[in-house]
Each structure stands twice: as C-alpha cells, then as structure tokens.
file input.txt (compact mmCIF, C-alpha atoms)
# COMPACT_ATOMS: atom_id res chain seq x y z
CA MET G 1 -71.38 78.30 16.91
CA SER G 2 -74.82 78.82 15.33
CA LEU G 3 -76.27 82.29 14.82
CA ARG G 4 -78.96 81.56 17.44
CA LYS G 5 -76.35 80.60 20.06
CA THR G 6 -74.23 83.62 19.20
CA LEU G 7 -77.18 85.98 19.63
CA LEU G 8 -78.12 84.31 22.92
CA PHE G 9 -74.55 84.62 24.17
CA LEU G 10 -74.41 88.33 23.29
CA PHE G 11 -77.79 88.88 24.94
CA LEU G 12 -76.61 87.25 28.17
CA ILE G 13 -73.48 89.40 28.20
CA HIS G 14 -75.63 92.50 27.73
CA VAL G 15 -77.92 91.46 30.60
CA TYR G 16 -74.93 90.71 32.88
CA CYS G 17 -73.29 94.06 32.16
CA GLY G 18 -76.60 95.83 32.79
CA MET G 19 -77.05 94.06 36.11
CA ALA G 20 -73.47 94.90 37.15
CA ALA G 21 -73.95 98.56 36.26
CA ALA G 22 -77.26 98.64 38.16
CA ALA G 23 -75.60 97.09 41.21
CA LEU G 24 -72.85 99.67 41.08
CA ARG G 25 -75.38 102.50 40.81
CA GLN G 26 -77.31 101.07 43.74
CA SER G 27 -74.24 100.74 45.93
CA GLY G 28 -73.11 104.15 44.69
CA ARG G 29 -75.93 105.74 46.63
CA ASP G 30 -73.79 105.19 49.71
CA VAL G 31 -70.61 107.17 49.11
CA ASP G 32 -68.97 105.89 52.29
CA SER G 33 -69.49 102.28 51.21
CA LEU G 34 -67.86 103.02 47.86
CA ILE G 35 -64.93 104.68 49.60
CA GLU G 36 -64.35 101.74 51.92
CA TYR G 37 -64.70 99.28 49.04
CA ALA G 38 -62.14 101.21 46.96
CA THR G 39 -59.80 101.32 49.96
CA GLY G 40 -59.89 97.54 50.29
CA GLU G 41 -59.39 96.96 46.57
CA SER G 42 -56.53 99.47 46.48
CA LYS G 43 -54.71 97.66 49.27
CA LYS G 44 -55.19 94.38 47.38
CA GLY G 45 -53.74 95.94 44.23
CA ASN G 46 -56.97 95.53 42.24
CA PHE G 47 -56.56 98.84 40.43
CA ASP G 48 -58.95 98.00 37.58
CA GLU G 49 -61.71 97.81 40.18
CA VAL G 50 -60.43 100.96 41.89
CA ALA G 51 -60.61 102.81 38.57
CA VAL G 52 -64.28 101.82 38.15
CA VAL G 53 -65.19 103.01 41.65
CA ALA G 54 -63.19 106.22 41.20
CA GLY G 55 -65.19 106.96 38.06
CA ARG G 56 -68.45 106.29 39.91
CA LEU G 57 -67.43 108.61 42.76
CA MET G 58 -66.56 111.38 40.30
CA GLU G 59 -69.93 110.87 38.60
CA LEU G 60 -71.75 111.12 41.93
CA GLY G 61 -69.81 114.25 42.75
CA ARG G 62 -71.02 115.91 39.58
CA GLU G 63 -74.61 114.66 39.81
CA ARG G 64 -75.18 115.59 43.44
CA ASP G 65 -72.62 118.33 43.90
CA ASP G 66 -71.14 115.98 46.54
CA ARG G 67 -67.67 117.29 47.37
CA LYS G 68 -66.74 114.23 49.43
CA ALA G 69 -67.50 111.90 46.50
CA SER G 70 -65.46 114.15 44.18
CA LEU G 71 -62.59 114.24 46.68
CA TYR G 72 -62.23 110.48 47.00
CA GLY G 73 -62.80 110.03 43.28
CA LEU G 74 -59.76 112.26 42.72
CA ILE G 75 -57.71 110.38 45.32
CA TYR G 76 -58.40 106.95 43.82
CA THR G 77 -57.82 108.24 40.31
CA GLY G 78 -54.41 109.39 41.55
CA HIS G 79 -53.76 105.95 43.05
CA VAL G 80 -54.53 104.28 39.71
CA LEU G 81 -52.28 106.66 37.75
CA ALA G 82 -49.44 106.54 40.30
CA ARG G 83 -48.33 103.12 39.10
CA GLU G 84 -46.43 104.94 36.34
CA VAL G 85 -44.60 108.25 36.08
CA SER G 86 -47.11 110.81 34.88
CA ASP G 87 -47.74 114.52 35.34
CA SER G 88 -51.40 113.63 35.85
CA VAL G 89 -50.62 112.01 39.21
CA LYS G 90 -49.71 115.23 40.99
CA TYR G 91 -52.47 117.06 39.11
CA TYR G 92 -55.18 114.80 40.57
CA TYR G 93 -53.57 114.66 44.02
CA GLY G 94 -53.19 118.46 43.94
CA ARG G 95 -56.89 118.94 43.19
CA ALA G 96 -57.69 116.47 45.96
CA LEU G 97 -55.50 118.39 48.43
CA ASP G 98 -57.37 121.63 47.75
CA LEU G 99 -60.73 119.93 48.15
CA ALA G 100 -59.69 118.06 51.33
CA ALA G 101 -58.37 121.27 52.89
CA GLY G 102 -61.70 122.99 52.23
CA LEU G 103 -63.59 120.08 53.80
CA GLU G 104 -61.07 119.79 56.68
CA ASP G 105 -60.92 116.06 55.96
CA TYR G 106 -57.77 115.12 57.87
CA ARG G 107 -58.00 111.46 56.93
CA ALA G 108 -57.91 112.43 53.26
CA LEU G 109 -55.12 114.99 53.80
CA ALA G 110 -53.01 112.33 55.53
CA ALA G 111 -53.72 109.80 52.77
CA ILE G 112 -52.93 112.21 49.92
CA ASN G 113 -49.64 113.37 51.43
CA ASN G 114 -48.70 109.76 52.18
CA ALA G 115 -49.49 108.81 48.57
CA LEU G 116 -47.50 111.77 47.25
CA ALA G 117 -44.58 110.70 49.43
CA ILE G 118 -44.66 107.16 48.03
CA TYR G 119 -44.93 108.40 44.45
CA THR G 120 -42.19 111.02 44.84
CA SER G 121 -39.82 108.56 46.50
CA GLU G 122 -40.55 105.45 44.44
CA MET G 123 -41.21 106.84 40.98
CA GLU G 124 -39.20 110.09 41.04
CA MET G 125 -36.48 108.79 43.39
CA ASN G 126 -36.60 112.04 45.36
CA TYR G 127 -36.33 110.72 48.92
CA LEU G 128 -35.92 114.13 50.58
CA GLU G 129 -39.11 115.54 49.07
CA GLY G 130 -40.85 112.25 49.79
CA LEU G 131 -39.87 112.53 53.45
CA SER G 132 -41.31 116.05 53.64
CA TYR G 133 -44.64 114.70 52.35
CA PHE G 134 -44.52 111.92 54.95
CA MET G 135 -44.03 114.46 57.74
CA LYS G 136 -47.06 116.44 56.51
CA ALA G 137 -49.05 113.20 56.39
CA LEU G 138 -48.08 112.44 59.99
CA LYS G 139 -49.27 115.88 61.11
CA TYR G 140 -52.68 115.31 59.55
CA ALA G 141 -52.88 111.72 60.82
CA GLU G 142 -52.52 113.06 64.37
CA GLN G 143 -55.62 115.20 63.80
CA SER G 144 -57.61 112.47 62.05
CA SER G 145 -60.23 110.30 63.72
CA ASP G 146 -58.78 107.37 61.74
CA LYS G 147 -56.15 106.11 64.18
CA HIS G 148 -55.04 103.37 61.80
CA SER G 149 -53.11 105.76 59.56
CA TYR G 150 -50.79 107.19 62.24
CA PRO G 151 -48.65 104.07 62.92
CA VAL G 152 -48.62 103.22 59.20
CA ILE G 153 -47.09 106.61 58.43
CA LEU G 154 -44.61 106.26 61.31
CA ASN G 155 -43.29 103.06 59.74
CA ASN G 156 -43.17 104.76 56.35
CA ILE G 157 -41.08 107.59 57.81
CA ALA G 158 -38.67 105.08 59.35
CA MET G 159 -38.22 103.39 55.96
CA ALA G 160 -37.81 106.76 54.23
CA HIS G 161 -34.92 107.55 56.59
CA TYR G 162 -33.50 104.10 55.92
CA LEU G 163 -33.47 104.75 52.17
CA ARG G 164 -31.54 107.95 52.86
CA ASN G 165 -29.07 106.01 55.05
CA ASP G 166 -30.20 108.00 58.08
CA PRO G 167 -30.51 106.01 61.37
CA ASN G 168 -32.57 108.79 62.96
CA GLY G 169 -35.65 107.15 61.50
CA LEU G 170 -35.40 104.30 64.00
CA LYS G 171 -37.33 106.24 66.64
CA TYR G 172 -40.44 106.21 64.43
CA SER G 173 -40.63 102.43 64.09
CA LEU G 174 -39.92 102.09 67.81
CA GLU G 175 -42.93 104.31 68.46
CA VAL G 176 -45.05 101.88 66.42
CA ILE G 177 -43.88 99.07 68.73
CA ASP G 178 -44.86 101.20 71.74
CA ILE G 179 -48.33 101.82 70.28
CA GLY G 180 -48.73 98.12 69.54
CA THR G 181 -47.67 97.23 73.08
CA ALA G 182 -50.01 99.77 74.68
CA ASN G 183 -52.97 98.56 72.60
CA ASP G 184 -52.06 94.86 72.61
CA ASP G 185 -52.08 94.95 68.79
CA PRO G 186 -50.02 92.07 67.30
CA LEU G 187 -50.10 93.56 63.79
CA LEU G 188 -48.52 96.82 64.95
CA LEU G 189 -45.98 94.89 67.02
CA TYR G 190 -45.06 92.85 63.96
CA SER G 191 -44.87 95.76 61.51
CA GLY G 192 -42.92 97.98 63.90
CA SER G 193 -40.54 95.15 64.77
CA PHE G 194 -40.04 94.25 61.10
CA VAL G 195 -39.08 97.80 60.14
CA THR G 196 -36.90 98.17 63.24
CA ALA G 197 -35.10 94.90 62.53
CA THR G 198 -34.56 95.90 58.89
CA CYS G 199 -32.93 99.15 59.97
CA ILE G 200 -30.77 97.46 62.63
CA ILE G 201 -29.55 94.75 60.28
CA CYS G 202 -28.58 97.21 57.57
CA TRP G 203 -27.14 99.97 59.76
CA GLY G 204 -25.26 97.73 62.16
CA ILE G 205 -24.40 98.62 65.72
CA MET G 206 -24.80 102.42 65.54
CA PRO G 207 -28.60 102.54 65.98
CA LEU G 208 -28.36 99.89 68.70
CA ARG G 209 -26.25 102.26 70.76
CA SER G 210 -29.02 104.86 70.56
CA ILE G 211 -31.48 102.23 71.82
CA ILE G 212 -29.14 101.41 74.70
CA SER G 213 -28.80 105.05 75.70
CA ALA G 214 -32.59 105.44 75.62
CA GLY G 215 -33.07 102.37 77.83
CA ARG G 216 -35.22 100.73 75.13
CA TRP G 217 -33.59 97.29 75.12
CA THR G 218 -32.84 94.41 77.45
CA SER G 219 -30.31 91.64 77.13
CA ALA G 220 -31.70 88.14 76.67
CA GLU G 221 -28.59 86.87 78.45
CA SER G 222 -29.00 89.13 81.46
CA THR G 223 -31.67 89.60 84.12
CA SER G 224 -31.03 93.33 84.28
CA SER G 225 -33.55 95.42 82.33
CA THR G 226 -31.04 98.24 81.77
CA PRO G 227 -27.57 96.74 81.38
CA LYS G 228 -24.66 99.10 81.29
CA PRO G 229 -23.22 99.94 77.87
CA THR G 230 -19.86 98.59 79.03
CA VAL G 231 -21.30 95.05 79.21
CA SER G 232 -20.30 92.83 76.28
CA MET G 233 -22.88 92.75 73.50
CA PRO G 234 -25.43 89.90 73.87
CA THR G 235 -26.28 87.48 71.08
CA TYR G 236 -29.94 88.49 71.16
CA TRP G 237 -31.66 91.81 71.72
CA SER G 238 -35.14 92.38 73.08
CA VAL G 239 -36.50 95.66 71.76
CA SER G 240 -39.66 96.53 73.71
CA GLY G 241 -40.18 92.83 74.30
CA VAL G 242 -39.38 91.68 70.75
CA ARG G 243 -36.42 89.27 70.59
CA VAL G 244 -34.07 90.01 67.67
CA ARG G 245 -30.74 88.37 66.88
CA ARG G 246 -27.86 90.85 66.94
CA PRO G 247 -26.17 91.14 63.54
CA PRO G 248 -22.38 90.61 63.49
CA ILE G 249 -20.53 93.91 63.74
CA THR G 250 -18.04 92.89 61.08
CA ASN G 251 -19.06 93.03 57.41
CA VAL G 252 -22.31 94.84 58.21
CA ARG G 253 -21.27 98.00 56.40
CA SER G 254 -19.85 96.10 53.43
CA ASN G 255 -23.19 94.34 52.90
CA MET G 256 -25.38 97.41 53.26
CA SER G 257 -25.52 98.40 49.60
CA ALA G 258 -26.42 94.89 48.46
CA ARG G 259 -29.15 94.61 51.09
CA ARG G 260 -30.54 98.02 50.20
CA LYS G 261 -30.68 97.11 46.51
CA ALA G 262 -32.55 93.95 47.41
CA THR G 263 -35.14 95.88 49.40
CA ARG G 264 -38.18 96.94 47.36
CA TRP G 265 -39.90 100.12 48.54
CA HIS G 266 -43.42 98.75 48.25
CA THR G 267 -42.73 95.83 50.58
CA SER G 268 -42.53 98.12 53.60
CA ILE G 269 -43.96 101.49 52.61
CA THR G 270 -47.72 101.38 52.88
CA ALA G 271 -50.67 103.34 51.53
CA VAL G 272 -53.22 104.66 54.02
CA ILE G 273 -56.34 104.45 51.82
call {"tool": "encode", "arguments": {"input": "input.txt", "output": "structure tokens"}}
result
Amino acid sequence: MSLRKTLLFLFLIHVYCGMAAAALRQSGRDVDSLIEYATGESKKGNFDEVAVVAGRLMELGRERDDRKASLYGLIYTGHVLAREVSDSVKYYYGRALDLAAGLEDYRALAAINNALAIYTSEMEMNYLEGLSYFMKALKYAEQSSDKHSYPVILNNIAMAHYLRNDPNGLKYSLEVIDIGTANDDPLLLYSGSFVTATCIICWGIMPLRSIISAGRWTSAESTSSTPKPTVSMPTYWSVSGVRVRRPPITNVRSNMSARRKATRWHTSITAVI
C-alpha cells in the first residue's frame, strides 16, 4: 500500500471514530435513551457496547451532577464485570445500591439485587445467599412501575429453589403462568410453563401432588376440572391450561443429578436490565 493510500486510510478511520464519538455524545444528552439502549445490548450479550455506554453515563453523571446517570453507569459497569469473579463486581453494585436507595429508584433496586443474586449463585455458587438477593429484588419489583421485572424475578426464584433441590419454588413459576393468563401474554405463559416443566421433570411426582392439592391442574383424560387424588395418574397434565406430559415416576430421582448438571444457570435465570 502506497504512503498516500495509507494516510488516506488513517484519515478515514479518524473521521469515522470522531463521528461515532459525536453521535454518542449527542445521544448521551438523553440519559433515558442511553439506559434503554444499554438494557437492550446487555440482554443481547453485547457487553463491549454496554461498557462504552456505561462509561458515557458515568461521564454524564460527573459533568452534570446527574445521579441517575451515575447510578445506571454503576449498574452497567457491574454487569460488564460480573462475567468473571471479581471483588469489583460487588463494589460497583454496592455503590449503585446506595445511590438507588437515595433516589428511591425501585426499578434499579430490583435490577441490582437480581444481578447480585445471579452473580452470587452462578459465580460464587452460594445459592442460599443468591436466593436472599432474589427475594429482596422481588420486594422492590412489587413497588416498581416497571411491571416487566416482577414475573422475571418470580421465574428466577423458582429456578433458585430448583438448584437447591427445593420443590417449594414451584409456586413462583405457577404465579408467572397466572399473570400470563390474566394478561393474555404468550411470553409469560411460555416462560412460566418452561420453568414449571423443568422443575416437574427433575423433581418427579412430589411437586405434582402439591399442584393437585391446590386444584391447579386438570387431567387431559378426564372432563373433571378437579379430579380426586385417588384417580390414577393421567399421561398428560394441564397446568393452568398448559398441556405437559407426565414424567415416569420410576427412574426420575436417579436421573436428577445428571439433568441438573446439564442445566446451565444462564439459560433460565434472567437479568432485569
């Protein structure tokens, strides 16, 4: 490549980078737009882009004394760092918690506790502490105007119980199905049914008995909506209208450990923002 072409190439790169930076500064004037953009990129797993936006939010926070920009800059910095075990993760999330509490930002408080729960459970393998963070996240999600986060955290709690081999978590995923049914939301119906089915398959018949006693299931082989527990078990179950094949009672327990090892946390546990 000739010197002239090399210089032209470097000049074009410089112009492109300048235009990109200018675009980011322009969009950065709207903190809410940056937050929503970072949320979408975080859910896609584009953490290089999230890191750029987090830096811009932190910069805006300093320039304008904008506590909301600083808060979400801290949150997304934590998200970027949380892909590996690092003391910095809880440092940034801890600073974000203090700032969110002062702003009474319940959406942020729910998201931070949910993120801490995922990090503590997945990276530190401390499921009990992770569950306590999830319960805090649920409390804040109830107070938040963002109604999307509440069913997400319910499913997360169900999966956290599952990882602790505790069938009591089934009621949380069933609540997601109820919310999806009440709001005619197919995504919530699917996610709640998926988590419920995962728990039923791995725990066997025990959680099904709790569904029977609560009147939450119907037999696909019977016209009665509340069959008696003494009736022989049907081949298919309909949990709040979702048809699921009953797993065989035999060999369910023997296969639990293999199934649990095959289940990756991040396939079912979900970030809020």
call {"tool": "residues_around", "arguments": {"input": "input.txt", "residues": "Asp32 in chain G", "least_positions_apart": "5", "cutoff": "10 Å", "atoms": "only C-alpha atoms", "output": "list of chain:residue names"}}
result
G:Ser27, G:Tyr37, G:Ala38, G:Lys68, G:Ala69, G:Tyr72
call {"tool": "closest_atom_pairs", "arguments": {"input": "input.txt", "of": "range 37-125 of chain G", "to": "range 148-171 of chain G", "cutoff": "8 Å", "atoms": "only C-alpha atoms", "output": "CSV"}}
result
residue,atom,partner,partner_atom,distance
G:Arg107,CA,G:Ser149,CA,8.0
G:Ala110,CA,G:Ser149,CA,7.7
G:Ala111,CA,G:Ser149,CA,7.9
G:Asn114,CA,G:Ile153,CA,7.2
call {"tool": "write_last_selection", "arguments": {"input": "input.txt", "atoms": "C-alpha atoms", "output": "JSON list (two decimals), in the frame of the given file"}}
result
[["chain", "number", "residue", "atom", "x", "y", "z"],
["G", 107, "ARG", "CA", -58.00, 111.46, 56.93],
["G", 110, "ALA", "CA", -53.01, 112.33, 55.53],
["G", 111, "ALA", "CA", -53.72, 109.80, 52.77],
["G", 114, "ASN", "CA", -48.70, 109.76, 52.18]]
call {"tool": "closest_residue", "arguments": {"input": "input.txt", "among": "G:Glu36, G:Asp66, G:Glu59, G:Glu124", "to": "Val89 in chain G", "atoms": "all atoms listed in the file"}}
result
G:Glu124
call {"tool": "atom_distance", "arguments": {"input": "input.txt", "atom1": "CA of Tyr92 in chain G", "atom2": "CA of Gln143 in chain G"}}
result
23.2 Å
call {"tool": "residues_around", "arguments": {"input": "input.txt", "residues": "Ile112 in chain G", "least_positions_apart": "3", "cutoff": "10 Å", "atoms": "only C-alpha atoms", "output": "ChimeraX atom specification"}}
result
/G:72,74-76,78-79,90,92-94,96-97,100,106-109,115-118,133-134,136-137,271-273
call {"tool": "write_last_selection", "arguments": {"input": "input.txt", "atoms": "C-alpha atoms", "output": "PDB file, in the frame of the given file"}}
result
ATOM      1  CA  TYR G  72     -62.230 110.480  47.000  1.00  0.00           C
ATOM      2  CA  LEU G  74     -59.760 112.260  42.720  1.00  0.00           C
ATOM      3  CA  ILE G  75     -57.710 110.380  45.320  1.00  0.00           C
ATOM      4  CA  TYR G  76     -58.400 106.950  43.820  1.00  0.00           C
ATOM      5  CA  GLY G  78     -54.410 109.390  41.550  1.00  0.00           C
ATOM      6  CA  HIS G  79     -53.760 105.950  43.050  1.00  0.00           C
ATOM      7  CA  LYS G  90     -49.710 115.230  40.990  1.00  0.00           C
ATOM      8  CA  TYR G  92     -55.180 114.800  40.570  1.00  0.00           C
ATOM      9  CA  TYR G  93     -53.570 114.660  44.020  1.00  0.00           C
ATOM     10  CA  GLY G  94     -53.190 118.460  43.940  1.00  0.00           C
ATOM     11  CA  ALA G  96     -57.690 116.470  45.960  1.00  0.00           C
ATOM     12  CA  LEU G  97     -55.500 118.390  48.430  1.00  0.00           C
ATOM     13  CA  ALA G 100     -59.690 118.060  51.330  1.00  0.00           C
ATOM     14  CA  TYR G 106     -57.770 115.120  57.870  1.00  0.00           C
ATOM     15  CA  ARG G 107     -58.000 111.460  56.930  1.00  0.00           C
ATOM     16  CA  ALA G 108     -57.910 112.430  53.260  1.00  0.00           C
ATOM     17  CA  LEU G 109     -55.120 114.990  53.800  1.00  0.00           C
ATOM     18  CA  ALA G 115     -49.490 108.810  48.570  1.00  0.00           C
ATOM     19  CA  LEU G 116     -47.500 111.770  47.250  1.00  0.00           C
ATOM     20  CA  ALA G 117     -44.580 110.700  49.430  1.00  0.00           C
ATOM     21  CA  ILE G 118     -44.660 107.160  48.030  1.00  0.00           C
ATOM     22  CA  TYR G 133     -44.640 114.700  52.350  1.00  0.00           C
ATOM     23  CA  PHE G 134     -44.520 111.920  54.950  1.00  0.00           C
ATOM     24  CA  LYS G 136     -47.060 116.440  56.510  1.00  0.00           C
ATOM     25  CA  ALA G 137     -49.050 113.200  56.390  1.00  0.00           C
ATOM     26  CA  ALA G 271     -50.670 103.340  51.530  1.00  0.00           C
ATOM     27  CA  VAL G 272     -53.220 104.660  54.020  1.00  0.00           C
ATOM     28  CA  ILE G 273     -56.340 104.450  51.820  1.00  0.00           C
TER      29      ILE G 273
END
call {"tool": "atom_distance", "arguments": {"input": "input.txt", "atom1": "CA of Val31 in chain G", "atom2": "CA of Arg64 in chain G"}}
result
11.1 Å
call {"tool": "closest_residue", "arguments": {"input": "input.txt", "among": "G:Met123, G:Leu81, G:Leu131, G:Leu188", "to": "Asp48 in chain G", "atoms": "all atoms listed in the file"}}
result
G:Leu81
